[in-house]
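Peer 1: For reference, the file protein_37.cif (mmCIF, C-alpha atoms) is included below:
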data_final
#
loop_
_atom_site.label_atom_id
_atom_site.label_comp_id
_atom_site.auth_asym_id
_atom_site.auth_seq_id
_atom_site.Cartn_x
_atom_site.Cartn_y
_atom_site.Cartn_z
CA MET U 29 72.52 122.68 96.24
CA ALA U 30 74.01 120.74 93.33
CA ILE U 31 76.76 118.26 94.11
CA LEU U 32 78.78 116.24 91.64
CA VAL U 33 81.44 113.74 92.60
CA LEU U 34 84.55 113.30 90.49
CA ARG U 35 86.35 109.98 90.91
CA LEU U 36 89.96 110.30 89.79
CA GLY U 37 92.45 107.72 88.58
CA HIS U 38 90.20 104.67 88.31
CA ARG U 39 92.11 101.49 87.50
CA LYS U 40 89.83 98.93 85.94
CA GLU U 41 90.99 95.83 87.76
CA ARG U 42 92.19 97.17 91.04
CA ASP U 43 89.50 99.74 91.77
CA LYS U 44 86.33 98.29 90.31
CA ARG U 45 84.64 97.61 93.61
CA VAL U 46 85.81 100.71 95.44
CA THR U 47 84.85 102.95 92.52
CA THR U 48 81.41 101.32 92.47
CA HIS U 49 81.10 102.06 96.18
CA VAL U 50 82.09 105.69 95.53
CA CYS U 51 79.37 106.02 92.89
CA LEU U 52 76.62 104.31 94.87
CA ALA U 53 77.47 106.16 98.07
CA ALA U 54 77.41 109.44 96.13
CA ARG U 55 73.94 108.62 94.81
CA ALA U 56 72.50 107.29 98.07
CA LEU U 57 73.85 110.21 100.09
CA GLY U 58 72.42 113.01 98.02
CA ALA U 59 74.84 113.84 95.21
CA ASP U 60 73.37 114.54 91.78
CA GLY U 61 75.87 112.60 89.73
CA VAL U 62 79.38 111.26 89.27
CA ILE U 63 82.10 111.87 86.75
CA LEU U 64 84.52 108.99 86.35
CA SER U 65 88.11 109.57 85.33
CA GLY U 66 91.14 107.31 84.92
CA GLU U 67 90.63 104.14 82.87
CA ARG U 68 87.31 104.01 81.10
CA ASP U 69 85.12 101.28 82.62
CA ASP U 70 81.75 100.84 80.91
CA LYS U 71 80.76 98.05 83.28
CA ILE U 72 80.75 100.35 86.29
CA ILE U 73 78.84 103.00 84.36
CA ALA U 74 76.21 100.38 83.44
CA THR U 75 76.00 99.07 87.02
CA VAL U 76 75.45 102.51 88.50
CA LYS U 77 72.90 103.48 85.85
CA LYS U 78 71.02 100.25 86.51
CA VAL U 79 70.89 100.95 90.25
CA ALA U 80 69.62 104.47 89.58
CA GLU U 81 66.96 103.10 87.23
CA ASN U 82 65.71 100.54 89.73
CA TRP U 83 65.97 102.62 92.88
CA GLY U 84 64.73 105.92 91.55
CA GLY U 85 65.73 109.56 91.60
CA LYS U 86 67.92 111.43 89.16
CA PHE U 87 71.59 110.61 89.01
CA SER U 88 74.00 111.36 86.17
CA VAL U 89 76.98 109.15 85.33
CA LYS U 90 79.64 110.43 82.97
CA TYR U 91 83.17 109.63 81.90
CA GLU U 92 85.89 112.23 81.32
CA GLY U 93 89.36 110.79 80.85
CA ASN U 94 91.10 114.14 81.27
CA ARG U 95 90.96 115.12 84.94
CA LYS U 96 92.02 118.73 84.38
CA ARG U 97 89.30 119.17 81.79
CA ALA U 98 86.73 117.70 84.16
CA ILE U 99 87.71 120.09 86.95
CA THR U 100 88.05 123.23 84.84
CA ALA U 101 84.76 122.53 83.04
CA ALA U 102 82.99 122.30 86.40
CA LYS U 103 84.66 125.52 87.60
CA LYS U 104 83.45 127.33 84.49
CA LYS U 105 79.93 126.21 85.33
CA GLY U 106 80.26 127.78 88.77
CA PHE U 107 81.16 124.74 90.82
CA ALA U 108 83.45 125.17 93.80
CA VAL U 109 85.91 122.28 93.97
CA ALA U 110 86.54 120.35 97.20
CA HIS U 111 89.25 117.72 96.92
CA LEU U 112 89.17 115.17 99.73
CA THR U 113 92.66 114.32 100.95
CA MET U 114 94.11 113.30 104.30
CA TYR U 115 96.61 116.16 103.93
CA GLY U 116 94.03 118.93 103.65
CA GLU U 117 92.31 121.32 106.04
CA ARG U 118 90.07 119.69 108.61
CA LEU U 119 86.50 119.09 107.46
CA GLN U 120 85.25 120.42 110.78
CA ASP U 121 86.94 123.75 109.94
CA VAL U 122 85.65 124.11 106.37
CA ALA U 123 82.21 122.41 106.45
CA ALA U 124 80.37 125.68 107.06
CA ARG U 125 82.00 127.24 103.99
CA LEU U 126 81.20 124.20 101.84
CA ARG U 127 77.55 124.31 102.91
CA LYS U 128 77.24 127.84 101.52
CA LYS U 129 78.18 126.83 97.97
CA ARG U 130 75.38 126.46 95.47
CA LYS U 131 77.36 124.06 93.32
CA LEU U 132 80.07 121.77 94.59
CA LEU U 133 82.35 119.30 92.85
CA VAL U 134 83.71 116.81 95.39
CA VAL U 135 86.88 115.17 94.10
CA VAL U 136 88.09 111.81 95.41
CA GLY U 137 91.21 110.04 94.26
CA ALA U 138 92.30 106.46 94.03
CA GLU U 139 95.88 105.69 95.14
CA LYS U 140 98.00 108.81 94.56
CA VAL U 141 96.51 112.09 93.40
CA PRO U 142 98.67 114.26 91.07
CA SER U 143 99.70 117.59 92.56
CA ASP U 144 97.81 119.65 89.96
CA VAL U 145 94.57 118.58 91.62
CA TYR U 146 95.64 120.17 94.91
CA SER U 147 96.22 123.50 93.12
CA LEU U 148 93.08 123.35 90.98
CA ALA U 149 90.89 122.67 94.03
CA ASP U 150 89.32 125.54 95.96
CA PHE U 151 89.44 123.38 99.07
CA ASN U 152 91.65 120.48 100.04
CA VAL U 153 89.67 118.81 102.79
CA ALA U 154 90.75 116.17 105.31
CA VAL U 155 88.14 113.90 106.86
CA GLY U 156 90.45 113.05 109.72
CA SER U 157 94.18 113.26 109.02
CA GLN U 158 94.59 109.49 108.99
CA PRO U 159 94.84 107.05 106.10
CA HIS U 160 91.48 105.42 105.51
CA SER U 161 89.03 105.37 102.62
CA GLU U 162 87.76 107.75 99.99
CA VAL U 163 84.35 106.11 100.33
CA ALA U 164 84.25 106.89 104.05
CA ALA U 165 85.57 110.41 103.47
CA LEU U 166 82.97 111.09 100.80
CA ALA U 167 80.16 109.72 102.98
CA ILE U 168 81.03 111.90 105.96
CA THR U 169 81.51 114.96 103.77
CA LEU U 170 78.07 114.57 102.19
CA HIS U 171 76.55 113.85 105.60
CA GLU U 172 78.12 117.03 107.00
CA ILE U 173 77.03 119.14 104.04
CA PHE U 174 73.44 117.91 104.12
CA GLY U 175 73.31 117.79 107.91
CA GLY U 176 71.85 114.27 107.94
CA ARG U 177 68.88 115.19 105.74
CA GLU U 178 70.37 113.08 102.94
CA LEU U 179 69.32 109.96 104.86
CA SER U 180 65.68 110.88 104.35
CA LYS U 181 66.08 111.80 100.68
CA ARG U 182 63.27 110.60 98.40
CA PHE U 183 63.99 108.80 95.15
CA PRO U 184 60.95 109.31 92.91
CA GLY U 185 60.06 106.80 90.24
CA ALA U 186 61.71 103.86 92.00
CA ARG U 187 60.87 100.32 90.92
CA LEU U 188 62.21 99.03 94.21
CA ARG U 189 61.68 100.59 97.59
CA ILE U 190 62.65 99.29 101.02
CA VAL U 191 60.37 99.61 104.00
CA PRO U 192 62.64 99.90 107.07
CA GLN U 193 62.29 96.91 109.43
CA GLN U 194 63.62 95.98 112.82
CA ASN U 195 64.32 92.48 111.53
CA GLY U 196 64.03 90.92 108.09
CA LYS U 197 63.60 92.50 104.67
CA LYS U 198 60.65 94.26 103.13
CA VAL U 199 60.96 95.44 99.54
CA LEU U 200 58.10 96.96 97.56
CA ARG U 201 58.19 96.36 93.81
CA ARG U 202 56.29 98.68 91.54
CA GLY U 203 54.23 96.80 88.92
CA LYS U 204 55.35 97.29 85.33
CA MET O 6 82.55 103.80 124.73
CA ALA O 7 84.18 100.70 123.23
CA ILE O 8 83.40 99.95 119.60
CA LEU O 9 84.49 96.90 117.64
CA VAL O 10 83.69 96.34 113.98
CA LEU O 11 82.98 92.85 112.66
CA ARG O 12 83.50 92.42 108.92
CA LEU O 13 81.53 89.40 107.69
CA GLY O 14 82.00 87.18 104.66
CA HIS O 15 85.34 88.45 103.39
CA ARG O 16 86.33 86.92 100.05
CA LYS O 17 90.07 87.13 99.53
CA GLU O 18 90.17 88.16 95.91
CA ARG O 19 86.96 90.08 95.48
CA ASP O 20 86.89 92.02 98.73
CA LYS O 21 90.49 92.74 99.53
CA ARG O 22 90.32 96.44 98.90
CA VAL O 23 86.88 97.08 100.34
CA THR O 24 87.69 95.07 103.48
CA THR O 25 90.88 97.09 103.88
CA HIS O 26 88.80 100.27 103.59
CA VAL O 27 86.40 98.93 106.25
CA CYS O 28 89.29 98.28 108.64
CA LEU O 29 91.08 101.60 108.05
CA ALA O 30 87.86 103.60 108.25
CA ALA O 31 87.00 101.81 111.49
CA ARG O 32 90.39 102.78 112.94
CA ALA O 33 90.44 106.36 111.65
CA LEU O 34 86.90 107.05 112.80
CA GLY O 35 87.25 105.99 116.39
CA ALA O 36 86.61 102.23 116.64
CA ASP O 37 88.88 100.22 118.92
CA GLY O 38 89.40 97.25 116.66
CA VAL O 39 88.12 94.97 113.92
CA ILE O 40 87.27 91.31 113.77
CA LEU O 41 87.55 89.80 110.31
CA SER O 42 85.39 86.86 109.27
CA GLY O 43 84.93 84.96 106.02
CA GLU O 44 88.09 83.79 104.27
CA ARG O 45 91.23 84.24 106.31
CA ASP O 46 93.44 86.93 104.77
CA ASP O 47 96.73 87.48 106.57
CA LYS O 48 97.78 90.16 104.13
CA ILE O 49 94.96 92.49 105.17
CA ILE O 50 95.66 91.81 108.83
CA ALA O 51 99.32 92.75 108.26
CA THR O 52 98.41 95.89 106.29
CA VAL O 53 96.06 97.18 108.96
CA LYS O 54 98.50 96.39 111.79
CA LYS O 55 101.23 98.23 109.91
CA VAL O 56 99.05 101.32 109.48
CA ALA O 57 98.20 101.26 113.19
CA GLU O 58 101.89 100.96 114.06
CA ASN O 59 102.90 103.88 111.88
CA TRP O 60 99.97 106.16 112.57
CA GLY O 61 99.56 105.55 116.30
CA GLY O 62 96.78 104.80 118.73
CA LYS O 63 95.53 101.42 119.85
CA PHE O 64 93.68 99.24 117.38
CA SER O 65 93.12 95.50 117.58
CA VAL O 66 92.86 93.25 114.52
CA LYS O 67 91.59 89.71 114.91
CA TYR O 68 90.29 86.88 112.77
CA GLU O 69 87.34 84.66 113.69
CA GLY O 70 86.13 82.39 110.93
CA ASN O 71 82.86 81.52 112.66
CA ARG O 72 80.56 84.54 112.49
CA LYS O 73 78.10 83.24 115.09
CA ARG O 74 80.91 82.62 117.53
CA ALA O 75 82.23 86.14 116.94
CA ILE O 76 78.84 87.70 117.63
CA THR O 77 77.87 85.57 120.62
CA ALA O 78 81.31 86.02 122.20
CA ALA O 79 80.90 89.79 121.95
CA LYS O 80 77.40 89.62 123.41
CA LYS O 81 78.71 87.63 126.38
CA LYS O 82 81.22 90.41 127.00
CA GLY O 83 78.37 92.91 127.15
CA PHE O 84 78.49 94.30 123.62
CA ALA O 85 75.25 95.39 121.98
CA VAL O 86 75.23 94.33 118.34
CA ALA O 87 74.30 96.74 115.54
CA HIS O 88 74.19 95.15 112.09
CA LEU O 89 74.29 97.67 109.26
CA THR O 90 71.88 96.73 106.48
CA MET O 91 69.85 98.71 103.98
CA TYR O 92 66.77 96.78 105.16
CA GLY O 93 67.00 97.84 108.81
CA GLU O 94 65.56 100.62 110.95
CA ARG O 95 66.67 104.11 110.03
CA LEU O 96 69.90 105.26 111.64
CA GLN O 97 68.29 108.60 112.41
CA ASP O 98 65.71 106.70 114.54
CA VAL O 99 68.15 104.50 116.48
CA ALA O 100 71.29 106.65 116.78
CA ALA O 101 70.31 107.98 120.21
CA ARG O 102 69.92 104.44 121.53
CA LEU O 103 73.24 103.33 120.05
CA ARG O 104 75.01 106.28 121.68
CA LYS O 105 73.90 105.09 125.11
CA LYS O 106 75.64 101.71 124.81
CA ARG O 107 78.93 101.30 126.62
CA LYS O 108 80.10 98.56 124.26
CA LEU O 109 79.00 98.20 120.69
CA LEU O 110 79.80 95.65 118.00
CA VAL O 111 79.07 97.12 114.58
CA VAL O 112 78.59 94.37 112.00
CA VAL O 113 79.07 94.97 108.28
CA GLY O 114 78.63 92.36 105.59
CA ALA O 115 80.09 91.80 102.18
CA GLU O 116 77.65 90.69 99.43
CA LYS O 117 74.77 88.82 101.08
CA VAL O 118 74.45 88.49 104.84
CA PRO O 119 72.97 85.22 106.19
CA SER O 120 69.66 85.64 108.00
CA ASP O 121 71.01 84.43 111.35
CA VAL O 122 72.90 87.71 111.62
CA TYR O 123 69.65 89.68 111.48
CA SER O 124 68.27 87.67 114.41
CA LEU O 125 71.47 87.71 116.47
CA ALA O 126 71.75 91.49 116.15
CA ASP O 127 70.17 93.79 118.74
CA PHE O 128 69.75 96.42 116.04
CA ASN O 129 69.47 96.14 112.28
CA VAL O 130 70.35 99.63 111.13
CA ALA O 131 69.89 101.25 107.72
CA VAL O 132 72.11 104.18 106.74
CA GLY O 133 69.66 105.24 104.08
CA SER O 134 67.47 102.52 102.58
CA GLN O 135 69.37 102.53 99.30
CA PRO O 136 72.04 100.20 97.99
CA HIS O 137 75.47 101.75 98.50
CA SER O 138 78.52 100.78 100.50
CA GLU O 139 79.30 99.19 103.83
CA VAL O 140 82.29 101.53 104.10
CA ALA O 141 80.05 104.58 103.75
CA ALA O 142 77.47 103.10 106.14
CA LEU O 143 80.11 102.36 108.75
CA ALA O 144 81.62 105.84 108.41
CA ILE O 145 78.31 107.63 108.92
CA THR O 146 77.35 105.34 111.81
CA LEU O 147 80.61 106.06 113.65
CA HIS O 148 80.29 109.76 112.86
CA GLU O 149 76.75 109.80 114.30
CA ILE O 150 77.75 107.84 117.40
CA PHE O 151 80.75 110.04 118.17
CA GLY O 152 79.00 113.24 117.06
CA GLY O 153 81.94 114.33 114.92
CA ARG O 154 84.45 114.17 117.77
CA GLU O 155 86.09 111.16 116.08
CA LEU O 156 87.58 113.55 113.52
CA SER O 157 89.67 115.15 116.24
CA LYS O 158 90.74 111.86 117.83
CA ARG O 159 94.39 111.68 118.89
CA PHE O 160 96.58 108.74 117.98
CA PRO O 161 99.38 108.60 120.55
CA GLY O 162 102.74 107.08 119.69
CA ALA O 163 102.44 107.78 115.96
CA ARG O 164 105.56 107.63 113.81
CA LEU O 165 103.79 109.65 111.14
CA ARG O 166 101.55 112.61 111.72
CA ILE O 167 99.93 114.95 109.22
CA VAL O 168 99.74 118.68 109.79
CA PRO O 169 96.55 119.87 108.02
CA GLN O 170 97.32 122.20 105.08
CA GLN O 171 95.29 124.28 102.70
CA ASN O 172 97.48 123.07 99.85
CA GLY O 173 100.28 120.51 99.70
CA LYS O 174 101.37 117.84 102.16
CA LYS O 175 103.06 118.15 105.50
CA VAL O 176 103.97 114.96 107.32
CA LEU O 177 105.96 114.87 110.55
CA ARG O 178 108.11 111.80 111.09
CA ARG O 179 109.16 110.87 114.58
CA GLY O 180 112.88 110.09 114.84
CA LYS O 181 113.72 106.47 115.68
#
In structure tokens, how does this file's structure come out?
Peer 2:
Amino acid sequence: MAILVLRLGHRKERDKRVTTHVCLAARALGADGVILSGERDDKIIATVKKVAENWGGKFSVKYEGNRKRAITAAKKKGFAVAHLTMYGERLQDVAARLRKKRKLLVVVGAEKVPSDVYSLADFNVAVGSQPHSEVAALAITLHEIFGGRELSKRFPGARLRIVPQQNGKKVLRRGK
Amino acid sequence: MAILVLRLGHRKERDKRVTTHVCLAARALGADGVILSGERDDKIIATVKKVAENWGGKFSVKYEGNRKRAITAAKKKGFAVAHLTMYGERLQDVAARLRKKRKLLVVVGAEKVPSDVYSLADFNVAVGSQPHSEVAALAITLHEIFGGRELSKRFPGARLRIVPQQNGKKVLRRGK
């Protein structure tokens, strides 16, 4: 299954850390790439690429300023579109349908998402109908789609690899 | 099961949005309260209290500047302490043990967590051994502990309540 994450409405100052969390969570939890929209922010793109380089696996990072174009381009390529919003259908009711898709674009907004996104989406999905966090919503959605297997995902070609420990830190570094 | 979330090392400027996401995700995903540590930030405390007031349920928000005191006080009250860190044991290996606890303090850091936290914790838990986001890690941990039931949690006394919709927004407001 191919999953891309589209981050809408990034504001350079206000959202830099949360957008970085969205990108890194997407990568760590099994997505294949992110598309950033809103204000262009080359620093975040560089940060995420650097993490992917050091920690392995394949992960694409792209910018598309026009959100409609990003969504319709994905649809043309056969992606189903799941927009995460507290107003949507309950994740527990749609997860089974999402799992059946071969290609999925998961859309997460920053502050307020324009109404065209609701109509363009094939699914508007609520991870709990409470205000919280697009990072949390994305994480649980990916976890539900992959059924927990994402936590054991391998990241080939990593320069850095952690060996899980009860206490302390163990990091293996691949020689250059 | 009682769950509190301790947010370590908050920095007022840098972390304001991510710490807010930690608090709101904790509330929305079934925790009973948060304890904030690091720099004192009354604005975040007010924001989270306001959300809890409007959206219902019980949720405590406290500040404790001394992280050791926060952790040892919780331990004295019978809380097991699970520190979320990419270096820890795999969540998939410890989740069953966490679920058996009657009281759990879930600790999430900001940038770099001091080593005393690793030793004070009963569990150092990795939600994937990749760099990503404490918000995502917290979300998946709560989701694993509650087995998905947190998404159907009720929030009594809410002034605002969302009715899940396939498209659009439906919010019920309780009359004053």
Peer 1: With distances taken over only C-alpha atoms, which of O:Asn172, O:Gln97, O:Ser42, O:Ser65 is nearest to His171 of chain U?
Peer 2: O:Gln97
Peer 1: Would you kindly return, as a ChimeraX atom specification, each protein, DNA or RNA residue with an atom no farther than 9 Å from any atom of Arg107 of chain O, considering all atoms listed in the file and excluding same-chain residues fewer than 4 positions away?
Peer 2: /O:6-8,83-85,103
Peer 1: Suppose a student applies the PyMOL selection byres ((chain O and resi 54) around 10) to this structure; what residues should they get, written as a list in words?
Peer 2: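 Applied to this file, the PyMOL selection byres ((chain O and resi 54) around 10) selects Cys28, Leu29, Lys48, Ile49, Ile50, Ala51, Thr52, Val53, Lys55, Val56, Ala57, Glu58, Asn59, Trp60, Lys63, Phe64, Ser65 and Val66 of chain O.
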Peer 1: Residues of chain O within 7 Å of chain U, counting all atoms listed in the file, what are they? List them as JSON, numbers by chain.
Peer 2: {"O": [23, 26, 29, 30, 33, 92, 93, 94, 95, 123, 124, 128, 129, 132, 133, 134, 135, 136, 137, 138, 140, 141, 144, 145, 156, 157, 167, 169, 170, 171, 172, 173, 174, 175]}
Peer 1: Got a sec: who's within 10 Å of Lys90 of chain U, counting all atoms listed in the file, leaving out chain neighbours fewer than 3 positions off, as a PDB file with C-alpha atoms, in the frame of the given file?
Peer 2:
ATOM      1  CA  LEU U  34      84.550 113.300  90.490  1.00  0.00           C
ATOM      2  CA  GLY U  61      75.870 112.600  89.730  1.00  0.00           C
ATOM      3  CA  VAL U  62      79.380 111.260  89.270  1.00  0.00           C
ATOM      4  CA  ILE U  63      82.100 111.870  86.750  1.00  0.00           C
ATOM      5  CA  LEU U  64      84.520 108.990  86.350  1.00  0.00           C
ATOM      6  CA  SER U  65      88.110 109.570  85.330  1.00  0.00           C
ATOM      7  CA  ILE U  73      78.840 103.000  84.360  1.00  0.00           C
ATOM      8  CA  GLY U  93      89.360 110.790  80.850  1.00  0.00           C
TER       9      GLY U  93
END
